[in-house]
Amino acid sequence: MATNIVLKDPSLLIGQNYIDGKWVDAASGKRFNVTDPASGKLIGSCPESDTSDAQRAIESAAAALPAWRSRTGRNRSRLLRRWYELVMENQEDLATLITWENGKAKPDAAGEVLFASSFLEWFAEEAARIYGDVIPHSQPSFRVSVLKEPIGVCGLITPGRLTLRSWNFPAAMITRKLGPALAAGCTVVVKTAGETPFTANALLKLGERAGIPPGVINSVTALENTPEIGQALCSSNTVRKISFTGSTRVGRLLMQQSSNSLKKLGLELGGNAPFIVFEDADLSLAVAAAIGSKFKSSGQTCVCSNRIFVQESIYDDFIKMFKSAVSQFQVGNGFDAKTTHGPLVTPAAAERVAGLVDDAVKRGAKVELGGKRRPDLGPNFFEPTILTNMSPDMSVANEEIFGPVAPIFSFKTEDEVVAASNACDVGLASYIFTQDITRANRVSELLQFGMVAINTGAVSDASSPFGGIKQSGMGREGSKYGIDDYLQTKTVVTGNVNVVHKSLL
């Protein structure tokens with residue numbers, strides 16, 4: 001491992017697959033390199049797994065399933081709770097790994113570790129609370145019991161560079177899926193993001209130390225072979241659920257690949273989040289929330305504000321305050337204490353964002369701030385950017401930006417902004433700022449998005465269902481609804497209850 005970064009616990013830096021409780025290389029012996037997106041320096045290498053490795057992982061998960069699902073919810077709860085405690089005890093090393101391979105500023109990485117741990121804590125508490133129902137039958141002597149059972153072996157896919165996302169939260173993306181799956185009694189095969197495998201492996205090592213039995217969690221890494229591993233998980237009749245976070249394009253492909261085995265799908269796909277500021281909004285609150293929502297992780301989150309709509313009477317004031325705040329950002333290496341925003345994940349990501357800005361400028365947009373790459377810092381850096389004089393025909397208004405670019409639109413009426421917000425085929429997150437509760441309720445119901453945040457730029461929490469509608473996918477993560485995605489319903493009808501009862505007297 002070529003590095004000058006030191007972990008308190010060096011044993012957490014692992015470049016192997018995790019199958020049947022053992023850390024192993026790919027059957028082929030092939031490996032791929034992982035580099036620091038800020039410096040371009042080598043961090044280490046991981047196995048370039050293929051379908052044979054994925055099949056070994058599937059078989060391991062299937063073998064471990066009967067014993068794991070037979071444990072009580074309380075037993076699984078204790079193991080998840082211990083895992084949460086170990087994450088908290090090692091949060092500094094985990095934050096270091098996130099900054100190292102993902103690039104985000106160290107304070108942002110530290111926040112992600114806390115966010116990631118919250119899913120282990122939440123689902124540890126839910127594991128013992130998976131309840132069914134008893135339903136009255138139309139026949140007086142019959143009873144209907146509804147049981148909630150683990151769905152079985154699950155494939156958890158975070159594919160990385162083939163999509164815009166999944167590497168952006170290398171810790172939270174894993175625990176958000178693993179927490180409910182294990183709490184429900186499922187066993188899993190995880191395909192980690194090729195850009196950020198080391199954070200995931202460190203988390204799995206802590207899970208191993210917490211006492212998660214061999215085979216319950218299995219993990220394979222790959223970069224070039226990601227599509228074939230996805231195909232193996234989707235086509236397997238043993239795998240009964242796929243959970244995927246990434247682009248709509250890849251989500252559609254996985255859905256097609258899963259069709260013959262008719263498995264359950266949880267897809268969290270693309271977004272184009274509107275951030276609506278009405279003229280009666282608390283302007284300082286709206287600006288602060290827009291800063292957090294737009295520029296968190298340098299704009300590389302699935303719920304980042306993609307289109308900022310500001311009512312025309314306060315448009316100029318909003319721009320002035322927003323520009324003043326963004327101008328204070330410091331772009332650089334995430335390990336630098338002065339850095340507020342790190343690099344994008346790859347040079348291609350920075351090039352793509354530059355292309356979106358160039359297209360907008362050619363179509364009449366005005367660059368209020370930023371607008372350029374920062375080759376002096378490295379090939380992955382792009383300036384925090386504010387664009388005005390926007391029009392709906394610009395690519396930046398229709399594509400998920402996934403970079404530090406804030407396009408700001410002006411609007412006149414409520415009907416106008418609702419129509420503009422809904423004029424996209426995706427529907428993940430949305431944001432409303434107003435002090436009129438009636439308007440907030442009305443607009444939140446009119447917006448075609450799976451999540452609406454009112455007077456806040458934060459929409460994610462372990463206790464809150466996370467997911468979208470339309471082309472943003474299906475299913476939910478987090479909350480009691482998230483654990484339902486890993487359960488199946490079984491109906492048990494018992495006849496002649498009274499007769500049986502009398503015979504026992």
# chains A, B, ... in the order shown; residues from 1 in each chain; ligands from 1
>>> select_by_dssp(residues="region 276-476 of chain A", states="strand (DSSP E)", output="PDB file with C-alpha atoms, in the first residue's frame")
ATOM      1  CA  ILE A 276     -38.225  26.354  -4.000  1.00  0.00           C
ATOM      2  CA  VAL A 277     -37.915  29.657  -2.120  1.00  0.00           C
ATOM      3  CA  SER A 305     -30.602  20.649  -4.924  1.00  0.00           C
ATOM      4  CA  ASN A 306     -30.368  20.435  -8.688  1.00  0.00           C
ATOM      5  CA  ARG A 307     -32.595  23.410  -9.578  1.00  0.00           C
ATOM      6  CA  ILE A 308     -32.986  26.368  -7.223  1.00  0.00           C
ATOM      7  CA  PHE A 309     -36.206  28.337  -7.835  1.00  0.00           C
ATOM      8  CA  VAL A 310     -36.472  31.765  -6.159  1.00  0.00           C
ATOM      9  CA  GLN A 311     -39.548  33.997  -6.400  1.00  0.00           C
ATOM     10  CA  LYS A 366     -24.520  33.947 -16.502  1.00  0.00           C
ATOM     11  CA  VAL A 367     -21.688  32.716 -14.283  1.00  0.00           C
ATOM     12  CA  GLU A 368     -22.054  34.606 -11.009  1.00  0.00           C
ATOM     13  CA  LEU A 369     -19.224  32.712  -9.324  1.00  0.00           C
ATOM     14  CA  THR A 385     -20.309  27.630  -9.161  1.00  0.00           C
ATOM     15  CA  ILE A 386     -23.437  29.786  -9.269  1.00  0.00           C
ATOM     16  CA  LEU A 387     -25.376  30.213 -12.520  1.00  0.00           C
ATOM     17  CA  THR A 388     -28.208  32.683 -13.170  1.00  0.00           C
ATOM     18  CA  VAL A 405     -22.938  23.862  -9.572  1.00  0.00           C
ATOM     19  CA  ALA A 406     -26.015  25.820  -8.416  1.00  0.00           C
ATOM     20  CA  PRO A 407     -28.383  26.900 -11.227  1.00  0.00           C
ATOM     21  CA  ILE A 408     -30.803  29.539  -9.913  1.00  0.00           C
ATOM     22  CA  PHE A 409     -34.122  30.191 -11.665  1.00  0.00           C
ATOM     23  CA  SER A 410     -36.601  33.016 -11.091  1.00  0.00           C
ATOM     24  CA  PHE A 411     -40.343  32.371 -10.916  1.00  0.00           C
ATOM     25  CA  VAL A 426     -37.541  11.590 -11.880  1.00  0.00           C
ATOM     26  CA  GLY A 427     -38.887  12.310  -8.412  1.00  0.00           C
ATOM     27  CA  ALA A 429     -36.165  14.809  -3.150  1.00  0.00           C
ATOM     28  CA  SER A 430     -37.640  18.322  -3.152  1.00  0.00           C
ATOM     29  CA  TYR A 431     -37.460  21.363  -0.883  1.00  0.00           C
ATOM     30  CA  ILE A 432     -39.907  24.163  -0.019  1.00  0.00           C
ATOM     31  CA  PHE A 433     -39.231  27.377   1.905  1.00  0.00           C
ATOM     32  CA  MET A 451     -39.588  13.207  -0.298  1.00  0.00           C
ATOM     33  CA  VAL A 452     -40.411  16.832   0.494  1.00  0.00           C
ATOM     34  CA  ALA A 453     -38.467  18.903   3.029  1.00  0.00           C
ATOM     35  CA  ILE A 454     -40.143  22.050   4.342  1.00  0.00           C
ATOM     36  CA  ILE A 469     -41.208   7.915  -7.307  1.00  0.00           C
ATOM     37  CA  LYS A 470     -41.411   7.956 -11.116  1.00  0.00           C
ATOM     38  CA  GLY A 473     -37.046   4.048  -8.379  1.00  0.00           C
ATOM     39  CA  MET A 474     -39.053   1.946  -5.959  1.00  0.00           C
TER      40      MET A 474
END
>>> residues_around(residues="region 34-36 of chain A", least_positions_apart="2", cutoff="9 Å", atoms="only C-alpha atoms", output="PyMOL selection string")
chain A and resi 32+38-46+99-103+194-198+345
>>> write_last_selection(atoms="N, CA, C and O atoms", output="CSV table (one decimal), in the first residue's frame")
chain,number,residue,atom,x,y,z
A,32,PHE,N,-7.3,-4.5,-8.9
A,32,PHE,CA,-7.4,-3.2,-9.5
A,32,PHE,C,-6.9,-2.2,-8.5
A,32,PHE,O,-7.0,-2.4,-7.3
A,38,ALA,N,-7.9,13.3,-4.6
A,38,ALA,CA,-7.3,14.6,-4.5
A,38,ALA,C,-5.9,14.7,-5.0
A,38,ALA,O,-5.5,15.6,-5.7
A,39,SER,N,-5.1,13.7,-4.7
A,39,SER,CA,-3.7,13.7,-5.0
A,39,SER,C,-3.4,12.8,-6.2
A,39,SER,O,-2.3,12.9,-6.8
A,40,GLY,N,-4.2,11.8,-6.5
A,40,GLY,CA,-3.9,10.8,-7.6
A,40,GLY,C,-3.0,9.7,-7.1
A,40,GLY,O,-2.7,8.9,-7.9
A,41,LYS,N,-2.6,9.8,-5.9
A,41,LYS,CA,-1.7,8.8,-5.4
A,41,LYS,C,-2.4,7.4,-5.1
A,41,LYS,O,-3.6,7.4,-4.7
A,42,LEU,N,-1.6,6.4,-5.2
A,42,LEU,CA,-2.2,5.0,-4.9
A,42,LEU,C,-2.5,4.8,-3.4
A,42,LEU,O,-1.7,5.2,-2.6
A,43,ILE,N,-3.7,4.4,-3.2
A,43,ILE,CA,-4.1,3.9,-1.8
A,43,ILE,C,-3.7,2.5,-1.6
A,43,ILE,O,-3.2,2.1,-0.6
A,44,GLY,N,-4.1,1.7,-2.6
A,44,GLY,CA,-3.9,0.2,-2.5
A,44,GLY,C,-4.7,-0.5,-3.7
A,44,GLY,O,-5.1,0.2,-4.6
A,45,SER,N,-4.8,-1.8,-3.6
A,45,SER,CA,-5.5,-2.5,-4.6
A,45,SER,C,-6.5,-3.5,-4.0
A,45,SER,O,-6.3,-3.8,-2.8
A,46,CYS,N,-7.5,-3.9,-4.8
A,46,CYS,CA,-8.5,-4.8,-4.3
A,46,CYS,C,-8.8,-5.9,-5.4
A,46,CYS,O,-8.4,-5.7,-6.5
A,99,THR,N,-12.3,10.2,3.6
A,99,THR,CA,-11.6,11.3,2.9
A,99,THR,C,-10.6,10.8,2.0
A,99,THR,O,-10.4,11.4,0.9
A,100,TRP,N,-9.9,9.8,2.3
A,100,TRP,CA,-8.8,9.3,1.5
A,100,TRP,C,-9.2,8.8,0.2
A,100,TRP,O,-8.7,9.2,-0.9
A,101,GLU,N,-10.3,7.9,0.1
A,101,GLU,CA,-10.7,7.3,-1.1
A,101,GLU,C,-11.8,8.1,-1.8
A,101,GLU,O,-12.1,7.9,-3.0
A,102,ASN,N,-12.6,8.8,-1.0
A,102,ASN,CA,-13.7,9.6,-1.6
A,102,ASN,C,-13.4,11.0,-1.9
A,102,ASN,O,-13.9,11.6,-2.9
A,103,GLY,N,-12.6,11.6,-1.1
A,103,GLY,CA,-12.1,13.0,-1.3
A,103,GLY,C,-12.8,14.1,-0.5
A,103,GLY,O,-12.4,15.2,-0.4
A,194,GLY,N,-16.3,0.4,-6.8
A,194,GLY,CA,-14.9,0.3,-7.1
A,194,GLY,C,-14.0,1.4,-6.7
A,194,GLY,O,-12.8,1.2,-6.4
A,195,GLU,N,-14.6,2.6,-6.6
A,195,GLU,CA,-13.8,3.8,-6.2
A,195,GLU,C,-13.5,3.8,-4.7
A,195,GLU,O,-12.6,4.4,-4.3
A,196,THR,N,-14.4,3.2,-3.9
A,196,THR,CA,-14.4,3.4,-2.4
A,196,THR,C,-14.5,2.0,-1.7
A,196,THR,O,-15.4,1.9,-0.8
A,197,PRO,N,-13.7,1.0,-2.0
A,197,PRO,CA,-13.9,-0.3,-1.4
A,197,PRO,C,-13.4,-0.4,0.1
A,197,PRO,O,-13.8,-1.2,0.9
A,198,PHE,N,-12.4,0.5,0.4
A,198,PHE,CA,-11.7,0.3,1.7
A,198,PHE,C,-12.6,0.7,2.9
A,198,PHE,O,-12.5,0.1,3.9
A,345,VAL,N,-15.0,12.8,-7.8
A,345,VAL,CA,-14.4,11.5,-7.6
A,345,VAL,C,-13.4,11.1,-8.7
A,345,VAL,O,-12.5,10.4,-8.5
>>> residues_around(residues="Asp317 (chain A)", least_positions_apart="2", cutoff="12 Å", atoms="only C-alpha atoms", output="PyMOL selection string")
chain A and resi 277+279+282-284+286-287+310-315+319-324+410
>>> closest_residue(among="A:Glu477, A:Asp9, A:Glu121, A:Glu48", to="Leu223 (chain A)", atoms="only C-alpha atoms")
A:Glu48
>>> atom_distance(atom1="CA of Gln139 (chain A)", atom2="CA of Val493 (chain A)")
10.8 Å
>>> atom_distance(atom1="CA of Lys148 (chain A)", atom2="CA of Ser235 (chain A)")
25.0 Å
>>> closest_residue(among="A:Ala95, A:Ile242, A:Ile217, A:Ala184", to="Pro107 (chain A)", atoms="only C-alpha atoms")
A:Ala95
